[in-house]
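Shown below: protein_8.txt, with compact mmCIF, C-alpha atoms.
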# COMPACT_ATOMS: atom_id res chain seq x y z
CA MET R 1 -124.55 186.63 -105.27
CA ASP R 2 -123.07 190.09 -104.70
CA ASN R 3 -126.27 191.27 -102.99
CA GLU R 4 -126.36 188.25 -100.67
CA THR R 5 -122.71 188.78 -99.85
CA ARG R 6 -123.30 192.46 -99.12
CA ALA R 7 -126.28 191.67 -96.89
CA THR R 8 -124.38 189.08 -94.86
CA VAL R 9 -121.28 191.25 -94.51
CA THR R 10 -123.37 194.25 -93.46
CA GLU R 11 -125.16 192.13 -90.87
CA PHE R 12 -121.88 190.67 -89.58
CA TYR R 13 -120.29 194.05 -88.85
CA LYS R 14 -123.55 195.52 -87.55
CA ALA R 15 -123.89 192.61 -85.10
CA TYR R 16 -120.26 193.02 -84.01
CA GLY R 17 -120.65 196.78 -83.62
CA GLU R 18 -123.74 196.25 -81.48
CA GLY R 19 -122.01 193.68 -79.29
CA ASN R 20 -124.46 190.97 -80.40
CA ALA R 21 -122.13 188.04 -79.74
CA ALA R 22 -124.76 185.37 -80.46
CA ARG R 23 -125.48 186.81 -83.91
CA VAL R 24 -121.76 187.20 -84.68
CA ALA R 25 -121.21 183.56 -83.69
CA ALA R 26 -124.10 182.43 -85.91
CA LEU R 27 -122.39 184.08 -88.90
CA ILE R 28 -119.04 182.32 -88.35
CA HIS R 29 -118.50 179.10 -90.28
CA ASP R 30 -117.40 176.04 -88.30
CA ASP R 31 -114.30 175.67 -90.46
CA ILE R 32 -113.32 179.34 -90.61
CA ASP R 33 -109.76 180.13 -91.73
CA TRP R 34 -108.83 183.32 -89.82
CA ILE R 35 -105.78 185.54 -89.53
CA ILE R 36 -105.39 188.86 -87.74
CA HIS R 37 -102.07 190.07 -89.13
CA GLY R 38 -100.10 191.57 -86.26
CA PRO R 39 -97.54 190.91 -83.52
CA ALA R 40 -98.91 187.93 -81.57
CA ARG R 41 -96.13 188.28 -78.97
CA ILE R 42 -97.69 191.62 -78.02
CA PHE R 43 -101.36 190.92 -78.74
CA PRO R 44 -101.86 187.19 -78.06
CA PHE R 45 -105.22 187.28 -79.85
CA GLU R 46 -103.50 188.08 -83.16
CA GLY R 47 -102.17 185.53 -85.64
CA PRO R 48 -103.81 182.60 -87.41
CA ARG R 49 -106.70 180.52 -86.08
CA ARG R 50 -108.69 177.63 -87.51
CA GLY R 51 -112.30 176.83 -86.65
CA LYS R 52 -115.17 178.61 -84.97
CA ALA R 53 -114.22 177.73 -81.38
CA ALA R 54 -110.75 179.24 -81.75
CA VAL R 55 -112.17 182.39 -83.32
CA LEU R 56 -114.79 182.86 -80.61
CA GLU R 57 -111.97 182.56 -78.07
CA VAL R 58 -110.11 185.35 -79.90
CA LEU R 59 -113.18 187.58 -79.83
CA ALA R 60 -113.62 186.87 -76.12
CA GLN R 61 -109.95 187.74 -75.43
CA ILE R 62 -110.28 191.03 -77.30
CA ALA R 63 -113.51 191.89 -75.44
CA GLU R 64 -111.87 191.10 -72.11
CA GLN R 65 -109.19 193.75 -72.69
CA TYR R 66 -110.96 196.26 -74.95
CA GLU R 67 -114.49 197.60 -74.87
CA LEU R 68 -115.75 198.17 -78.40
CA LYS R 69 -117.16 201.68 -78.73
CA SER R 70 -117.79 201.90 -82.47
CA TYR R 71 -117.23 199.84 -85.61
CA VAL R 72 -118.29 201.70 -88.74
CA PRO R 73 -117.63 200.22 -92.20
CA GLU R 74 -116.52 203.14 -94.37
CA LEU R 75 -115.90 201.15 -97.58
CA VAL R 76 -117.45 197.81 -98.52
CA ILE R 77 -116.33 196.35 -101.84
CA VAL R 78 -118.18 193.20 -102.84
CA GLU R 79 -117.51 190.72 -105.62
CA GLY R 80 -119.09 187.27 -105.72
CA ASP R 81 -118.48 185.46 -102.43
CA ARG R 82 -115.78 187.91 -101.30
CA ALA R 83 -115.73 191.37 -99.76
CA ALA R 84 -113.15 193.88 -98.60
CA VAL R 85 -114.22 196.13 -95.75
CA LEU R 86 -112.39 199.22 -94.45
CA SER R 87 -113.79 200.29 -91.10
CA ASN R 88 -113.27 203.12 -88.65
CA THR R 89 -113.34 201.70 -85.15
CA SER R 90 -112.75 202.76 -81.57
CA PHE R 91 -112.10 200.73 -78.46
CA VAL R 92 -111.55 201.64 -74.81
CA GLN R 93 -108.63 199.88 -73.16
CA ARG R 94 -110.31 198.60 -70.00
CA ALA R 95 -107.16 198.71 -67.84
CA THR R 96 -106.51 202.41 -68.52
CA GLY R 97 -109.71 203.93 -69.88
CA ARG R 98 -107.70 205.09 -72.90
CA THR R 99 -109.49 205.26 -76.26
CA LEU R 100 -107.81 203.64 -79.27
CA ARG R 101 -108.94 204.65 -82.76
CA LEU R 102 -108.13 202.12 -85.47
CA ARG R 103 -108.75 201.66 -89.16
CA LEU R 104 -109.33 197.94 -89.68
CA VAL R 105 -109.27 196.19 -93.06
CA ASN R 106 -110.99 192.84 -93.46
CA PHE R 107 -110.93 190.60 -96.50
CA VAL R 108 -113.70 188.04 -96.05
CA ARG R 109 -115.03 185.10 -98.03
CA LEU R 110 -118.50 183.71 -97.44
CA GLN R 111 -119.86 180.19 -97.73
CA ASN R 112 -123.50 179.25 -97.14
CA GLY R 113 -124.20 182.67 -95.64
CA GLN R 114 -121.34 182.50 -93.14
CA VAL R 115 -117.83 183.92 -92.95
CA VAL R 116 -115.44 181.08 -93.80
CA GLU R 117 -112.26 183.09 -94.38
CA LEU R 118 -111.07 186.35 -92.82
CA ARG R 119 -107.82 188.30 -93.10
CA GLU R 120 -107.48 191.41 -90.98
CA PHE R 121 -104.94 194.18 -91.52
CA SER R 122 -104.28 197.38 -89.65
CA ASP R 123 -101.46 199.87 -89.14
CA THR R 124 -100.10 197.65 -86.36
CA PHE R 125 -97.18 199.93 -85.48
CA ASP R 126 -99.71 202.66 -84.68
CA VAL R 127 -101.95 200.19 -82.83
CA VAL R 128 -99.07 199.11 -80.58
CA GLU R 129 -98.19 202.74 -79.81
CA GLN R 130 -101.82 203.55 -79.03
CA ALA R 131 -102.08 200.50 -76.76
CA LEU R 132 -98.87 201.50 -74.95
CA GLY R 133 -99.87 205.15 -74.76
CA SER R 134 -96.31 206.10 -75.75
CA TRP R 135 -93.98 206.18 -78.73
CA LEU R 136 -91.87 203.15 -79.52
CA GLU R 137 -88.11 203.63 -79.46
CA VAL R 138 -86.88 202.73 -82.91
CA PRO R 139 -83.18 202.66 -83.84
CA ALA R 140 -82.19 204.30 -87.13
CA ILE R 141 -82.96 202.13 -90.12
CA VAL R 142 -79.88 201.52 -92.24
CA ALA R 143 -81.16 202.65 -95.61
CA MET K 1 -117.56 199.20 -115.32
CA ASP K 2 -116.22 196.34 -113.18
CA ASN K 3 -114.33 194.90 -116.15
CA GLU K 4 -112.73 198.24 -117.02
CA THR K 5 -111.77 198.71 -113.39
CA ARG K 6 -110.26 195.23 -113.23
CA ALA K 7 -108.29 195.79 -116.43
CA THR K 8 -106.86 199.11 -115.24
CA VAL K 9 -106.02 197.80 -111.77
CA THR K 10 -104.36 194.71 -113.25
CA GLU K 11 -102.31 196.88 -115.58
CA PHE K 12 -101.33 199.27 -112.77
CA TYR K 13 -99.87 196.53 -110.54
CA LYS K 14 -98.31 194.71 -113.50
CA ALA K 15 -96.56 197.93 -114.57
CA TYR K 16 -95.38 198.56 -111.01
CA GLY K 17 -94.18 194.97 -110.62
CA GLU K 18 -92.23 195.25 -113.87
CA GLY K 19 -90.65 198.53 -112.85
CA ASN K 20 -92.34 200.34 -115.75
CA ALA K 21 -92.32 203.79 -114.14
CA ALA K 22 -93.63 205.60 -117.21
CA ARG K 23 -96.68 203.34 -117.42
CA VAL K 24 -97.32 203.63 -113.67
CA ALA K 25 -97.13 207.43 -113.95
CA ALA K 26 -99.57 207.41 -116.87
CA LEU K 27 -102.11 205.58 -114.70
CA ILE K 28 -101.93 208.09 -111.83
CA HIS K 29 -104.52 210.88 -111.88
CA ASP K 30 -103.24 214.45 -111.57
CA ASP K 31 -105.40 215.02 -108.48
CA ILE K 32 -104.73 211.70 -106.74
CA ASP K 33 -105.61 211.49 -103.04
CA TRP K 34 -103.05 209.07 -101.58
CA ILE K 35 -102.24 207.67 -98.14
CA ILE K 36 -99.77 204.98 -97.17
CA HIS K 37 -100.81 204.26 -93.59
CA GLY K 38 -97.70 203.84 -91.50
CA PRO K 39 -95.12 205.62 -89.31
CA ALA K 40 -93.89 208.58 -91.38
CA ARG K 41 -91.23 209.40 -88.74
CA ILE K 42 -89.60 206.06 -89.61
CA PHE K 43 -90.49 205.77 -93.30
CA PRO K 44 -90.64 209.38 -94.60
CA PHE K 45 -92.40 208.16 -97.77
CA GLU K 46 -95.44 207.09 -95.74
CA GLY K 47 -98.41 209.29 -94.84
CA PRO K 48 -100.81 211.36 -96.96
CA ARG K 49 -99.98 212.99 -100.29
CA ARG K 50 -102.03 215.01 -102.75
CA GLY K 51 -101.41 215.15 -106.50
CA LYS K 52 -99.40 213.18 -109.02
CA ALA K 53 -96.08 215.00 -108.50
CA ALA K 54 -96.07 214.25 -104.77
CA VAL K 55 -96.93 210.59 -105.40
CA LEU K 56 -94.21 210.16 -108.02
CA GLU K 57 -91.77 211.59 -105.46
CA VAL K 58 -92.93 208.94 -102.95
CA LEU K 59 -92.41 206.17 -105.49
CA ALA K 60 -88.93 207.53 -106.27
CA GLN K 61 -88.04 207.64 -102.55
CA ILE K 62 -89.15 204.03 -102.08
CA ALA K 63 -87.18 202.92 -105.15
CA GLU K 64 -84.09 204.72 -103.90
CA GLN K 65 -84.04 202.65 -100.70
CA TYR K 66 -85.72 199.40 -101.76
CA GLU K 67 -85.39 197.37 -104.93
CA LEU K 68 -88.72 195.82 -105.84
CA LYS K 69 -88.29 192.08 -106.46
CA SER K 70 -91.92 190.95 -106.82
CA TYR K 71 -95.40 192.39 -106.54
CA VAL K 72 -98.07 189.72 -106.98
CA PRO K 73 -101.76 190.54 -106.46
CA GLU K 74 -103.24 187.54 -104.63
CA LEU K 75 -106.79 188.88 -104.27
CA VAL K 76 -108.45 191.53 -106.43
CA ILE K 77 -112.00 192.47 -105.45
CA VAL K 78 -113.69 194.86 -107.86
CA GLU K 79 -116.93 196.78 -107.58
CA GLY K 80 -117.79 199.70 -109.84
CA ASP K 81 -114.97 202.25 -109.81
CA ARG K 82 -113.32 200.74 -106.73
CA ALA K 83 -111.05 197.79 -106.04
CA ALA K 84 -109.35 196.21 -103.05
CA VAL K 85 -106.08 194.43 -103.78
CA LEU K 86 -104.14 192.16 -101.44
CA SER K 87 -100.63 191.53 -102.76
CA ASN K 88 -97.61 189.47 -101.80
CA THR K 89 -94.52 191.55 -102.37
CA SER K 90 -90.80 191.42 -101.77
CA PHE K 91 -88.18 194.16 -101.74
CA VAL K 92 -84.42 194.17 -101.22
CA GLN K 93 -83.17 196.85 -98.84
CA ARG K 94 -80.39 198.35 -100.91
CA ALA K 95 -78.22 199.39 -97.92
CA THR K 96 -78.06 195.86 -96.47
CA GLY K 97 -79.11 193.43 -99.21
CA ARG K 98 -81.77 192.12 -96.84
CA THR K 99 -85.03 190.88 -98.37
CA LEU K 100 -88.31 192.14 -96.89
CA ARG K 101 -91.50 190.20 -97.58
CA LEU K 102 -94.69 192.22 -97.18
CA ARG K 103 -98.39 191.75 -97.67
CA LEU K 104 -99.72 195.05 -98.99
CA VAL K 105 -103.40 196.01 -99.10
CA ASN K 106 -104.54 198.75 -101.46
CA PHE K 107 -107.99 200.26 -101.71
CA VAL K 108 -108.14 202.19 -104.98
CA ARG K 109 -110.72 204.29 -106.79
CA LEU K 110 -110.49 204.98 -110.50
CA GLN K 111 -111.56 207.97 -112.56
CA ASN K 112 -111.22 208.18 -116.34
CA GLY K 113 -109.02 205.09 -116.37
CA GLN K 114 -106.58 206.41 -113.76
CA VAL K 115 -106.06 205.87 -110.03
CA VAL K 116 -107.49 208.91 -108.27
CA GLU K 117 -107.57 207.57 -104.70
CA LEU K 118 -105.32 205.06 -102.95
CA ARG K 119 -105.14 203.85 -99.36
CA GLU K 120 -102.38 201.40 -98.47
CA PHE K 121 -102.28 199.21 -95.40
CA SER K 122 -99.76 196.69 -94.17
CA ASP K 123 -98.69 195.04 -90.93
CA THR K 124 -96.45 198.04 -90.22
CA PHE K 125 -95.06 196.68 -86.94
CA ASP K 126 -93.71 193.70 -88.88
CA VAL K 127 -92.47 195.96 -91.68
CA VAL K 128 -90.47 198.09 -89.23
CA GLU K 129 -88.93 194.97 -87.67
CA GLN K 130 -88.03 193.58 -91.08
CA ALA K 131 -86.49 196.91 -92.11
CA LEU K 132 -84.48 197.03 -88.85
CA GLY K 133 -83.50 193.39 -89.08
CA SER K 134 -84.22 193.03 -85.35
CA TRP K 135 -87.10 192.84 -82.88
CA LEU K 136 -88.51 196.02 -81.42
CA GLU K 137 -88.29 196.38 -77.66
CA VAL K 138 -91.86 196.80 -76.44
CA PRO K 139 -92.72 197.46 -72.79
CA ALA K 140 -95.57 195.43 -71.29
CA ILE K 141 -98.97 196.71 -72.33
CA VAL K 142 -101.13 197.50 -69.30
CA ALA K 143 -104.21 195.48 -70.16
Is it possible to express this structure as structure tokens?
Amino acid sequence: MDNETRATVTEFYKAYGEGNAARVAALIHDDIDWIIHGPARIFPFEGPRRGKAAVLEVLAQIAEQYELKSYVPELVIVEGDRAAVLSNTSFVQRATGRTLRLRLVNFVRLQNGQVVELREFSDTFDVVEQALGSWLEVPAIVA
Amino acid sequence: MDNETRATVTEFYKAYGEGNAARVAALIHDDIDWIIHGPARIFPFEGPRRGKAAVLEVLAQIAEQYELKSYVPELVIVEGDRAAVLSNTSFVQRATGRTLRLRLVNFVRLQNGQVVELREFSDTFDVVEQALGSWLEVPAIVA
């Protein structure tokens, strides 16, 4: 099963990196349980979603605001029907032309050759600052 | 090798969760390559470190400011000498008594039964807000 999982995961990120939306959609399970962990009040496409339609809407919202330039899995750890993927990615913010460089972590679970669960993590404080193009003002932390 | 890796990783997080500093230290390789991804200007214990002494200093700094209440691995994905671990954790901020609840992701690599590489990720924007006990003011993102 590990080899099947690796093949599907590799294909999923390759298709996403190439902007092959049809192939990405084909690899998303109808009942996918999806969370991009991050501040949804700042990035409305973050937070939990359920089902393929909602996830495709998220991907469309991201693509509307950010042009994917590269998505390169650096580490892929596979066990059974699960994988953890650490990727180096870059996106151009369409409104400004600014390039954002992000490390994205995905935990995925597969079912019948499709992604049925996904949890994404990133250094969201850094992502917000990159998206703003400026440092956040942070009061002193009492500690 | 997967079983050895799983056993060591399980022991590492169990020891950390129990506050067994001596056992944690014994499982850290002298030449460890370590990064907690996050804003080092806000949390000085974040960022890259090299070597066991520097990492033990990081753990001491964290413990000085935050009392670990629970560290529960929810997902452990093992392949060869590597593992990805997604944990639910909680810490009490000593200065305020406030409880922070964090999901922490660790990618680790083992060598000779010790952790020789570690990369930590979390939703750092949320972590900063929890540590502040208030929302961050974020200007509109031009996008």
Exercise. With only C-alpha atoms as the basis for distance, which of R:Asn20, R:Asp2, R:Trp34, R:Gly51 is at the shortest distance from chain K?
Worked result: R:Asp2
Problem set entry | Long-range neighbours of K:Ile32 as a ChimeraX atom specification, 12 Å cut-off, all atoms listed in the file, 5 positions minimum in chain | /K:25,27,48-56,108-111,114-119
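Here atom CA of K:Leu75 is placed at a distance of 14.1 Å from atom CA of K:Ala7.
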For this session: Can you pull out every residue within 7 Å of stretch 134-143 of chain R, counting only C-alpha atoms, but drop anything in the same chain fewer than 4 positions away, and send it as a ChimeraX atom specification?
Result: /R:129-130 /K:65,93-95,131-132
Problem set entry | For R:Val105: contacts at 8 Å, only C-alpha atoms, fewer than 4 positions along chain excluded, given as a ChimeraX atom specification | /R:84-87,120-122 /K:121
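Shortest separation to R:Leu104 among K:Tyr16, K:Thr89, K:Pro44, K:Asp123 occurs at residue K:Asp123, atoms counted being all atoms listed in the file.
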Exercise. So how many Å separate atom CA of R:Arg98 and atom CA of R:Ile62, to one decimal?
Worked result: 15.0 Å
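Using all atoms listed in the file, the nearest neighbour of R:Val9 within the list R:Thr96, R:Val24, R:Asp126, R:Pro39 is R:Val24.
Of the listed residues R:Ala60, R:Leu68, R:Ala26, R:Ile42, the one whose atoms come nearest to chain K is R:Ile42, with distances taken using all atoms listed in the file.
Take atom CA of R:Gly38 and atom CA of K:Val72: the distance between them is 20.9 Å.
Across R:Glu79, R:Asp33, R:Glu57, R:Glu74, the tightest approach to chain K is made by R:Glu79 when counting only C-alpha atoms.
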Exercise. Hey, what's within 9 Å of R:Gly80 if we count only C-alpha atoms and toss same-chain stuff fewer than 6 positions away? As a PyMOL selection string, please?
Worked result: (chain R and resi 1-5+109) or (chain K and resi 77)
Write to file, as a PDB file, keeping the file's coordinate frame, the residues of the selection just made, with C-alpha atoms.
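So the final result, stored in selection35.pdb, reads:
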ATOM      1  CA  MET R   1    -124.550 186.630-105.270  1.00  0.00           C
ATOM      2  CA  ASP R   2    -123.070 190.090-104.700  1.00  0.00           C
ATOM      3  CA  ASN R   3    -126.270 191.270-102.990  1.00  0.00           C
ATOM      4  CA  GLU R   4    -126.360 188.250-100.670  1.00  0.00           C
ATOM      5  CA  THR R   5    -122.710 188.780 -99.850  1.00  0.00           C
ATOM      6  CA  ARG R 109    -115.030 185.100 -98.030  1.00  0.00           C
TER       7      ARG R 109
ATOM      8  CA  ILE K  77    -112.000 192.470-105.450  1.00  0.00           C
TER       9      ILE K  77
END
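Closest approach to K:Phe125 among R:Arg101, R:Arg23, R:Arg41, R:His29 is made by R:Arg41 (distances from all atoms listed in the file).
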